[in-house]
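A.B. asks: Just so it is clear, I am handing over start-v7.cif, which has mmCIF, C-alpha atoms.
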```cif
data_final
#
loop_
_atom_site.label_atom_id
_atom_site.label_comp_id
_atom_site.auth_asym_id
_atom_site.auth_seq_id
_atom_site.Cartn_x
_atom_site.Cartn_y
_atom_site.Cartn_z
CA MET A 19 9.67 -185.33 -90.83
CA PRO A 20 7.83 -183.11 -88.34
CA SER A 21 4.11 -182.89 -88.85
CA PHE A 22 4.01 -179.12 -89.23
CA LEU A 23 6.34 -179.21 -92.20
CA THR A 24 3.78 -179.28 -94.95
CA GLY A 25 4.59 -178.87 -98.60
CA GLU A 26 3.24 -175.34 -98.64
CA LEU A 27 5.47 -174.33 -95.74
CA ALA A 28 8.56 -175.92 -97.29
CA ALA A 29 7.95 -174.17 -100.62
CA PHE A 30 7.31 -170.91 -98.78
CA PHE A 31 10.63 -171.16 -96.92
CA ILE A 32 12.59 -171.88 -100.10
CA PHE A 33 11.04 -168.95 -101.95
CA ALA A 34 11.38 -166.66 -98.91
CA LEU A 35 15.09 -167.52 -98.72
CA LEU A 36 15.52 -166.72 -102.43
CA ILE A 37 13.60 -163.43 -102.06
CA ILE A 38 15.54 -162.19 -99.04
CA GLY A 39 18.82 -163.49 -100.46
CA GLY A 40 18.31 -161.59 -103.72
CA ALA A 41 17.45 -158.40 -101.85
CA ILE A 42 20.41 -158.70 -99.46
CA PHE A 43 22.79 -159.33 -102.38
CA MET A 44 21.34 -156.22 -104.05
CA ILE A 45 22.41 -154.24 -100.99
CA SER A 46 25.90 -155.74 -100.83
CA PHE A 47 26.97 -155.91 -104.51
CA THR A 48 29.12 -153.07 -105.82
CA LYS A 49 28.44 -153.32 -109.58
CA VAL A 50 25.07 -151.91 -110.62
CA VAL A 51 24.35 -154.60 -113.25
CA HIS A 52 24.86 -157.31 -110.61
CA MET A 53 22.36 -155.54 -108.36
CA VAL A 54 19.70 -155.58 -111.09
CA VAL A 55 20.26 -159.29 -111.79
CA SER A 56 19.97 -160.23 -108.11
CA LEU A 57 16.76 -158.23 -107.87
CA ALA A 58 15.45 -160.09 -110.92
CA PHE A 59 15.90 -163.23 -108.79
CA THR A 60 13.83 -161.61 -106.05
CA PHE A 61 11.04 -160.73 -108.49
CA LEU A 62 10.99 -164.26 -109.97
CA SER A 63 10.77 -165.86 -106.52
CA LEU A 64 7.94 -163.51 -105.57
CA GLY A 65 6.07 -164.99 -108.54
CA GLY A 66 6.57 -168.40 -106.92
CA VAL A 67 5.12 -167.16 -103.63
CA TYR A 68 2.07 -165.85 -105.48
CA VAL A 69 1.55 -169.32 -106.96
CA ILE A 70 1.57 -170.76 -103.41
CA LEU A 71 -1.03 -168.13 -102.46
CA GLU A 72 -3.31 -169.36 -105.29
CA ALA A 73 -2.89 -166.20 -107.34
CA GLU A 74 -1.62 -167.77 -110.56
CA PHE A 75 -2.60 -164.93 -112.85
CA VAL A 76 -0.86 -162.33 -110.67
CA ALA A 77 2.18 -164.63 -110.49
CA PHE A 78 2.56 -164.67 -114.26
CA VAL A 79 1.88 -160.94 -114.50
CA GLN A 80 4.63 -160.50 -111.90
CA ILE A 81 7.09 -162.58 -113.94
CA LEU A 82 6.18 -160.81 -117.20
CA ILE A 83 6.17 -157.25 -115.84
CA TYR A 84 8.87 -157.34 -113.16
CA ALA A 85 11.31 -160.08 -114.10
CA GLY A 86 10.78 -159.24 -117.76
CA ALA A 87 9.93 -155.63 -118.41
CA VAL A 88 11.10 -153.69 -115.34
CA SER A 89 14.44 -155.51 -115.00
CA ILE A 90 15.22 -155.05 -118.69
CA LEU A 91 14.12 -151.41 -118.52
CA MET A 92 16.46 -150.82 -115.60
CA ILE A 93 19.33 -152.54 -117.43
CA PHE A 94 18.63 -150.25 -120.40
CA GLY A 95 18.64 -147.32 -117.99
CA ILE A 96 22.06 -148.37 -116.69
CA MET A 97 23.48 -148.96 -120.17
CA LEU A 98 22.26 -145.55 -121.36
CA THR A 99 23.84 -143.81 -118.36
CA LYS A 100 27.07 -144.86 -116.68
CA HIS A 101 27.28 -148.61 -117.08
CA GLU A 102 30.90 -148.97 -115.99
CA GLU A 103 30.11 -147.53 -112.63
CA VAL A 104 31.22 -149.33 -109.49
CA GLU A 105 29.99 -148.14 -106.14
CA THR A 106 33.21 -147.41 -104.33
CA GLU A 107 33.73 -148.83 -100.91
CA GLN A 108 33.33 -145.81 -98.73
CA PRO A 109 33.49 -145.64 -94.98
CA TRP A 110 30.11 -146.16 -93.36
CA THR A 111 28.66 -142.67 -93.49
CA LYS A 112 26.41 -141.03 -90.94
CA GLN A 113 23.47 -141.11 -93.35
CA GLU A 114 23.86 -144.85 -93.87
CA THR A 115 24.01 -145.49 -90.13
CA LEU A 116 20.89 -143.43 -89.55
CA SER A 117 19.08 -145.20 -92.41
CA ALA A 118 20.05 -148.61 -91.04
CA ILE A 119 18.81 -147.69 -87.56
CA GLY A 120 15.57 -146.28 -88.98
CA CYS A 121 14.89 -149.35 -91.16
CA ALA A 122 15.67 -151.72 -88.28
CA ALA A 123 13.33 -149.76 -86.00
CA LEU A 124 10.57 -149.83 -88.63
CA PHE A 125 11.02 -153.56 -89.04
CA GLY A 126 10.89 -154.02 -85.26
CA ILE A 127 7.63 -152.11 -85.00
CA LEU A 128 6.11 -154.01 -87.93
CA PHE A 129 7.31 -157.35 -86.57
CA PHE A 130 5.80 -156.83 -83.12
CA ALA A 131 2.58 -155.48 -84.62
CA ILE A 132 2.29 -158.57 -86.84
CA GLN A 133 3.05 -160.94 -83.96
CA ASP A 134 0.53 -159.19 -81.70
CA THR A 135 -2.29 -159.37 -84.19
CA THR A 136 -4.54 -162.39 -83.89
CA LEU A 137 -5.80 -163.06 -87.35
CA PRO A 138 -9.16 -164.80 -87.41
CA ASP A 139 -9.25 -168.32 -88.74
CA ALA A 140 -9.65 -167.80 -92.41
CA THR A 141 -12.78 -169.03 -94.03
CA ASP A 142 -12.02 -171.03 -97.11
CA PHE A 143 -10.66 -168.98 -99.95
CA ASP A 144 -12.30 -169.76 -103.25
CA PRO A 145 -10.02 -168.73 -106.10
CA GLY A 146 -12.46 -170.12 -108.61
CA GLN A 147 -12.00 -173.04 -110.96
CA ASP A 148 -10.03 -170.84 -113.30
CA ASN A 149 -8.20 -168.00 -111.59
CA THR A 150 -7.78 -165.98 -114.79
CA LEU A 151 -11.46 -166.36 -115.66
CA ALA A 152 -12.54 -165.26 -112.16
CA ILE A 153 -10.28 -162.19 -112.28
CA GLY A 154 -11.48 -161.32 -115.77
CA GLU A 155 -15.13 -161.54 -114.79
CA ARG A 156 -14.67 -159.30 -111.76
CA LEU A 157 -12.45 -156.88 -113.69
CA PHE A 158 -14.99 -156.32 -116.46
CA THR A 159 -18.09 -156.08 -114.26
CA GLU A 160 -17.34 -154.62 -110.84
CA TRP A 161 -14.00 -152.92 -111.57
CA VAL A 162 -14.50 -151.83 -115.17
CA LEU A 163 -14.19 -148.10 -114.42
CA PRO A 164 -10.88 -148.37 -112.51
CA PHE A 165 -9.69 -150.68 -115.30
CA GLU A 166 -10.37 -148.05 -117.96
CA LEU A 167 -8.81 -145.34 -115.80
CA VAL A 168 -5.66 -147.39 -115.32
CA SER A 169 -5.38 -147.96 -119.07
CA LEU A 170 -5.60 -144.18 -119.51
CA LEU A 171 -2.88 -143.74 -116.87
CA LEU A 172 -0.61 -146.22 -118.70
CA THR A 173 -1.09 -144.43 -122.03
CA VAL A 174 -0.36 -141.04 -120.52
CA ALA A 175 2.69 -142.38 -118.64
CA PHE A 176 4.21 -144.01 -121.71
CA ILE A 177 3.63 -140.98 -123.94
CA GLY A 178 5.18 -138.88 -121.17
CA ALA A 179 8.17 -141.21 -120.97
CA ILE A 180 8.75 -141.00 -124.72
CA VAL A 181 8.47 -137.19 -124.70
CA LEU A 182 10.87 -136.92 -121.75
CA ALA A 183 13.50 -139.26 -123.12
CA ARG A 184 13.38 -137.94 -126.70
CA ARG A 185 16.36 -135.94 -127.88
CA GLU A 186 15.18 -132.38 -128.41
CA GLU A 187 15.22 -131.06 -131.98
CA GLY A 188 17.95 -128.65 -132.94
CA LYS A 189 20.22 -129.55 -130.03
CA MET B 3 3.38 -176.79 -83.16
CA THR B 4 1.65 -174.90 -85.87
CA ILE B 5 3.04 -172.00 -87.77
CA ASN B 6 0.57 -169.35 -88.78
CA LEU B 7 1.26 -168.94 -92.48
CA ALA B 8 -0.46 -165.55 -92.71
CA THR B 9 1.99 -164.16 -90.16
CA SER B 10 4.93 -165.57 -92.13
CA TYR B 11 3.79 -163.87 -95.32
CA LEU B 12 3.33 -160.55 -93.53
CA THR B 13 6.78 -160.85 -91.93
CA LEU B 14 8.36 -161.64 -95.30
CA ALA B 15 6.70 -158.55 -96.77
CA ALA B 16 7.95 -156.45 -93.84
CA ILE B 17 11.54 -157.68 -94.35
CA LEU B 18 11.33 -156.97 -98.08
CA PHE B 19 9.91 -153.49 -97.46
CA CYS B 20 12.67 -152.61 -94.99
CA ILE B 21 15.43 -153.83 -97.32
CA GLY B 22 13.91 -151.79 -100.14
CA LEU B 23 13.70 -148.73 -97.89
CA PHE B 24 17.34 -149.12 -96.87
CA GLY B 25 18.40 -149.45 -100.52
CA ALA B 26 16.37 -146.40 -101.53
CA LEU B 27 17.92 -144.32 -98.74
CA THR B 28 21.58 -145.32 -99.13
CA LYS B 29 22.29 -146.29 -102.76
CA ARG B 30 24.00 -143.65 -104.88
CA ASN B 31 23.02 -144.80 -108.36
CA ALA B 32 19.61 -143.39 -109.29
CA VAL B 33 18.56 -146.52 -111.24
CA ILE B 34 19.12 -148.68 -108.17
CA VAL B 35 17.10 -146.23 -106.05
CA LEU B 36 14.20 -146.62 -108.50
CA LEU B 37 14.57 -150.39 -108.34
CA SER B 38 14.52 -150.30 -104.53
CA ILE B 39 11.24 -148.41 -104.69
CA GLU B 40 9.92 -151.19 -106.93
CA VAL B 41 10.95 -153.69 -104.23
CA MET B 42 8.94 -151.74 -101.65
CA LEU B 43 5.91 -151.75 -103.96
CA ASN B 44 6.35 -155.49 -104.41
CA ALA B 45 6.20 -155.96 -100.65
CA VAL B 46 2.87 -154.13 -100.68
CA VAL B 47 1.59 -156.38 -103.47
CA LEU B 48 2.63 -159.44 -101.46
CA ASN B 49 0.61 -158.12 -98.51
CA LEU B 50 -2.44 -157.58 -100.73
CA ILE B 51 -2.29 -161.13 -102.06
CA ALA B 52 -1.65 -162.64 -98.61
CA PHE B 53 -4.72 -160.85 -97.24
CA SER B 54 -6.77 -161.90 -100.27
CA LYS B 55 -6.27 -165.48 -99.08
CA TYR B 56 -5.85 -165.20 -95.30
CA GLY B 57 -7.79 -162.01 -94.51
CA ILE B 58 -11.06 -161.77 -92.61
CA VAL B 59 -13.05 -161.88 -95.84
CA PRO B 60 -11.03 -163.89 -98.36
CA SER B 61 -11.86 -162.64 -101.81
CA ILE B 62 -10.33 -162.29 -105.22
CA THR B 63 -10.59 -158.48 -104.99
CA GLY B 64 -7.15 -158.39 -103.36
CA GLN B 65 -5.63 -159.92 -106.48
CA ILE B 66 -7.38 -157.35 -108.67
CA PHE B 67 -6.03 -154.54 -106.49
CA SER B 68 -2.54 -156.03 -106.73
CA LEU B 69 -2.85 -155.93 -110.54
CA PHE B 70 -3.69 -152.21 -110.37
CA THR B 71 -0.69 -151.64 -108.09
CA ILE B 72 1.61 -153.44 -110.53
CA VAL B 73 0.33 -151.27 -113.41
CA VAL B 74 0.92 -148.05 -111.48
CA ALA B 75 4.39 -149.26 -110.43
CA ALA B 76 5.29 -150.09 -114.05
CA ALA B 77 4.14 -146.64 -115.20
CA GLY B 78 6.24 -145.07 -112.44
CA ALA B 79 9.31 -147.07 -113.44
CA ALA B 80 8.97 -146.07 -117.11
CA VAL B 81 8.64 -142.36 -116.32
CA GLY B 82 11.47 -142.58 -113.76
CA VAL B 83 13.91 -144.12 -116.23
CA ALA B 84 12.92 -141.52 -118.86
CA ILE B 85 13.63 -138.70 -116.39
CA LEU B 86 16.97 -140.28 -115.49
CA ILE B 87 18.01 -140.52 -119.15
CA ALA B 88 17.01 -136.89 -119.80
CA LEU B 89 18.91 -135.82 -116.68
CA PHE B 90 21.97 -137.83 -117.70
CA ARG B 91 21.95 -136.17 -121.11
CA ASN B 92 21.86 -132.71 -119.56
CA ARG B 93 24.10 -133.18 -116.53
CA GLY B 94 26.23 -136.24 -117.35
CA THR B 95 25.66 -137.95 -114.04
CA SER B 96 23.48 -140.68 -112.60
CA ASP B 97 24.59 -140.08 -109.01
CA ILE B 98 21.72 -138.89 -106.85
CA THR B 99 24.02 -136.93 -104.53
CA GLU B 100 24.79 -134.64 -107.48
CA MET B 101 21.11 -134.02 -108.30
CA ASN B 102 20.67 -131.03 -106.01
CA GLU B 103 19.71 -128.11 -108.27
CA LEU B 104 16.57 -127.46 -106.26
CA LYS B 105 18.70 -126.80 -103.19
CA HIS B 106 20.54 -123.75 -104.56
#
```
Is it possible to give me this structure as structure tokens?
C.D. replies:
Amino acid sequence: MPSFLTGELAAFFIFALLIIGGAIFMISFTKVVHMVVSLAFTFLSLGGVYVILEAEFVAFVQILIYAGAVSILMIFGIMLTKHEEVETEQPWTKQETLSAIGCAALFGILFFAIQDTTLPDATDFDPGQDNTLAIGERLFTEWVLPFELVSLLLTVAFIGAIVLARREEGK
Amino acid sequence: MTINLATSYLTLAAILFCIGLFGALTKRNAVIVLLSIEVMLNAVVLNLIAFSKYGIVPSITGQIFSLFTIVVAAAGAAVGVAILIALFRNRGTSDITEMNELKH
């Protein structure tokens, strides 16, 4: 076993493969429900990567919100609209070609920018004895105002969603 | 040979962002377009968490910011699906190429 293959690196490669695989399958599947399920895989594996990065609380929030709530919400969205829909195999349109070229170019730029950057040797990251406790302490002292604002935003968004999706009276 | 892990995380986030962008630009079903936007937001969250560990000043603030991003993304997804359902009820379609009333 080569010396650079540490456990962290091996776990990272497995999760990265699952993440990219899920996203690529999302692009290539033709049934919409299959696309949502493969993206649920991507979201779950991202939770794994967050655990490697010592962000356990965010990892479980990711699994609860994305793999749980958002995926199920999207499946509900599909079931309430056209759930039998299959994306028909159409010839590669001009728009798709342009999008593919644009995305590849963006990735090229990002890739070279990332490779060019010399990141300083990181000083030791201290996630705290208890990650959740550390986040909670910071959230309710330093970030308490943004926290309250975001709770307001969530309330407004969910009331708005209910009002939008409600069947109008007398229709 | 050493592999810089910070670079790997940033590259993974870049790949994920580009796949999400491609999905958002080419998919025809509006729900999948919304989901592709969520993938792009997830790439951003991955960057935030990677920098919270490997950045110049490693700190837990990056994780707190990623939590805020997740909340805003979830609110966006909920409102987006509600708009789609209302639109489907009125127009009977979930194909984004047919959502072009603002054009005419």
A.B. asks: Calculated over all atoms listed in the file, which of the candidates A:Ser117, A:Phe158, A:Gly126, A:Asp134 has the smallest distance to chain B?
C.D. replies: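 The shortest atom-to-atom distance to chain B comes from A:Ser117.
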A.B. asks: If I put a ball of radius 9 Å at (-0.9, -169.4, -92.9) in the file's coordinates, which residues poke into it when counting only C-alpha atoms, written as a CSV table (one decimal) with C-alpha atoms, keeping the file's coordinate frame?
C.D. replies:
```csv
chain,number,residue,atom,x,y,z
A,27,LEU,CA,5.5,-174.3,-95.7
A,140,ALA,CA,-9.6,-167.8,-92.4
B,5,ILE,CA,3.0,-172.0,-87.8
B,6,ASN,CA,0.6,-169.4,-88.8
B,7,LEU,CA,1.3,-168.9,-92.5
B,8,ALA,CA,-0.5,-165.6,-92.7
B,9,THR,CA,2.0,-164.2,-90.2
B,10,SER,CA,4.9,-165.6,-92.1
B,11,TYR,CA,3.8,-163.9,-95.3
B,52,ALA,CA,-1.6,-162.6,-98.6
B,56,TYR,CA,-5.8,-165.2,-95.3
```
A.B. asks: List the spatial neighbours of Ile83 (chain A) as a PyMOL selection string - criterion: any atom at most 12 Å away, all atoms listed in the file, same-chain residues fewer than 2 positions off excluded.
C.D. replies: (chain A and resi 58+61-62+65+76-81+85-91) or (chain B and resi 40+44+69+71-77+79-80)
A.B. asks: Compile the residues of chain A that lie within 6 Å of chain B, evaluated using all atoms listed in the file, and express the compilation as a PyMOL selection string.
C.D. replies: chain A and resi 22+95+114+121+140+143+172+175+179+182-183
A.B. asks: Nearest to Ile70 (chain A) among A:Ile38, A:Leu163, A:Ala122, A:Ala29, with distances taken over only C-alpha atoms: which residue is it?
C.D. replies: A:Ala29
A.B. asks: Would you work out the distance separating CA of Gly66 (chain A) from CA of Gly39 (chain A), expressed in Å to one decimal?
C.D. replies: 14.7 Å
A.B. asks: To one decimal in Å, tell me the separation between CA of Phe75 (chain A) and CA of Ala152 (chain A).
C.D. replies: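 These two atoms are separated by 10.0 Å.
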A.B. asks: Please compute the CA of Leu64 (chain A)-CA of Thr150 (chain A) distance, one decimal, in Å.
C.D. replies: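 Spanning CA of Leu64 (chain A) to CA of Thr150 (chain A) is a straight-line distance of 18.4 Å.
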